Amino acid sequence: MTPDINEMCIHINSTLKEALHVIDHNAQGICFVHNENHKFSGVITDGDIRRVLLEGKPLNTSIQDVVNKSALSLPLTSSAEVIRNSLTKMIRHIPLLNEFGSSTIVHCLNLNRRISAAARSSGGGASFQ
């Protein structure tokens, strides 16, 4: 089953354990990180978490210390060709961000299938929980 975009999102003040729960629930191996203004802050993958745990960090470590802030994202208005050319074996998920300054995640495209769009808030973006 394809997860809702909200099932792939987590607040930047969350812990590694909370991120693992999100990743386990969405079964995509990734979660999108946002700040208190719902602005896209980066991604964290199950591999990122595994490497940090192997370094000896505890599960209550903040994901702020682990999030990949330079992760690829594209505007929602990106052409299908640009999106298709951006998906690789290493980049299997691309968050598509709205045109507003808040950069709220509104869609995610997966190498194998499209992740369903979230219910839109009045600002036009995903409503995070």
# chains A, B, ... in the order shown; residues from 1 in each chain; ligands from 1
>>> closest_atom_pairs(of="range 46-109 of chain A", to="range 10-18 of chain A", cutoff="9 Å", atoms="only C-alpha atoms", output="Markdown table")
| residue | atom | partner | partner_atom | distance |
| --- | --- | --- | --- | --- |
| A:Ile49 | CA | A:Leu16 | CA | 6.6 |
| A:Leu53 | CA | A:Leu16 | CA | 8.9 |
| A:Pro58 | CA | A:Leu16 | CA | 8.1 |
| A:Leu59 | CA | A:Lys17 | CA | 5.1 |
| A:Asn60 | CA | A:Thr15 | CA | 5.2 |
| A:Thr61 | CA | A:Thr15 | CA | 5.4 |
| A:Ser62 | CA | A:Thr15 | CA | 4.4 |
| A:Ile63 | CA | A:Thr15 | CA | 5.4 |
| A:Gln64 | CA | A:Ile12 | CA | 5.7 |
| A:Val66 | CA | A:Leu16 | CA | 8.6 |
| A:Val67 | CA | A:Ile12 | CA | 8.1 |
>>> atom_distance(atom1="CA of Asn6 in chain A", atom2="CA of Leu54 in chain A")
28.4 Å
>>> closest_residue(among="A:Ile44, A:Leu96, A:Met8, A:Ala80", to="His25 in chain A", atoms="only C-alpha atoms")
A:Met8
>>> select_by_dssp(residues="range 32-116 of chain A", states="helix (DSSP H, G or I)", output="CSV table (one decimal) with C-alpha atoms, in the first residue's frame")
chain,number,residue,atom,x,y,z
A,46,ASP,CA,17.0,4.0,7.9
A,47,GLY,CA,20.7,3.8,6.8
A,48,ASP,CA,21.5,7.2,8.3
A,49,ILE,CA,20.0,5.9,11.6
A,50,ARG,CA,21.8,2.6,11.4
A,51,ARG,CA,25.1,4.3,11.0
A,52,VAL,CA,24.5,6.7,13.9
A,53,LEU,CA,23.5,3.8,16.2
A,54,LEU,CA,26.6,1.8,15.2
A,63,ILE,CA,17.4,13.8,14.4
A,64,GLN,CA,18.7,17.4,14.1
A,65,ASP,CA,22.2,15.8,14.4
A,80,ALA,CA,8.1,15.0,-15.7
A,81,GLU,CA,11.4,14.8,-17.5
A,82,VAL,CA,13.3,16.7,-14.8
A,83,ILE,CA,11.7,14.5,-12.1
A,84,ARG,CA,12.4,11.3,-14.1
A,85,ASN,CA,16.0,12.3,-14.7
A,86,SER,CA,16.5,13.0,-11.0
>>> atom_distance(atom1="CA of Ala71 in chain A", atom2="CA of Asp4 in chain A")
20.1 Å
>>> residues_around(residues="Thr45 in chain A", least_positions_apart="4", cutoff="9 Å", atoms="only C-alpha atoms", output="MDAnalysis selection string")
chainID A and resid 19:20 23 28:32 49:50 67:68
>>> atom_distance(atom1="CA of Glu99 in chain A", atom2="CA of Pro75 in chain A")
6.7 Å
>>> select_by_dssp(residues="range 1-69 of chain A", states="strand (DSSP E or B)", output="list in words")
Asp4, Cys9, Ile10, His11, Thr15, Ile30, Cys31, Phe32, Val33, His34, Phe40, Ser41, Gly42, Val43, Ile44, Thr45, Ser62 and Asn68 of chain A
>>> write_last_selection(atoms="N, CA and C atoms", output="compact mmCIF listing (two decimals), in the first residue's frame")
# COMPACT_ATOMS: atom_id res chain seq x y z
N ASP A 4 0.44 7.74 2.73
CA ASP A 4 0.11 9.15 2.59
C ASP A 4 1.37 9.94 2.92
N CYS A 9 6.47 12.05 7.11
CA CYS A 9 7.03 13.30 7.64
C CYS A 9 7.24 13.24 9.15
N ILE A 10 8.27 13.96 9.60
CA ILE A 10 8.59 14.00 11.01
C ILE A 10 9.18 15.37 11.35
N HIS A 11 8.93 15.83 12.56
CA HIS A 11 9.43 17.13 13.03
C HIS A 11 10.91 17.02 13.36
N THR A 15 13.21 12.27 17.84
CA THR A 15 14.37 11.42 18.15
C THR A 15 14.57 10.36 17.07
N ILE A 30 12.59 5.90 4.50
CA ILE A 30 12.94 7.32 4.54
C ILE A 30 11.84 8.11 5.24
N CYS A 31 12.20 9.23 5.82
CA CYS A 31 11.19 10.19 6.25
C CYS A 31 11.68 11.59 5.94
N PHE A 32 10.72 12.46 5.67
CA PHE A 32 11.00 13.85 5.34
C PHE A 32 10.89 14.67 6.61
N VAL A 33 11.89 15.50 6.84
CA VAL A 33 11.99 16.26 8.08
C VAL A 33 11.52 17.69 7.81
N HIS A 34 10.72 18.21 8.74
CA HIS A 34 10.24 19.59 8.62
C HIS A 34 10.41 20.30 9.95
N PHE A 40 10.39 22.27 4.73
CA PHE A 40 11.21 21.10 4.48
C PHE A 40 12.63 21.36 4.97
N SER A 41 13.14 20.47 5.82
CA SER A 41 14.47 20.63 6.40
C SER A 41 15.47 19.59 5.91
N GLY A 42 14.98 18.52 5.29
CA GLY A 42 15.87 17.47 4.80
C GLY A 42 15.23 16.11 4.94
N VAL A 43 16.06 15.07 4.86
CA VAL A 43 15.58 13.70 4.97
C VAL A 43 16.44 12.93 5.96
N ILE A 44 15.87 11.85 6.44
CA ILE A 44 16.63 10.89 7.23
C ILE A 44 16.20 9.50 6.77
N THR A 45 17.16 8.63 6.57
CA THR A 45 16.87 7.28 6.08
C THR A 45 17.19 6.25 7.16
N SER A 62 18.56 13.39 19.03
CA SER A 62 17.73 14.21 18.15
C SER A 62 18.11 13.96 16.70
N ASN A 68 19.86 14.84 6.73
CA ASN A 68 20.59 15.24 5.54
C ASN A 68 19.92 16.52 5.01
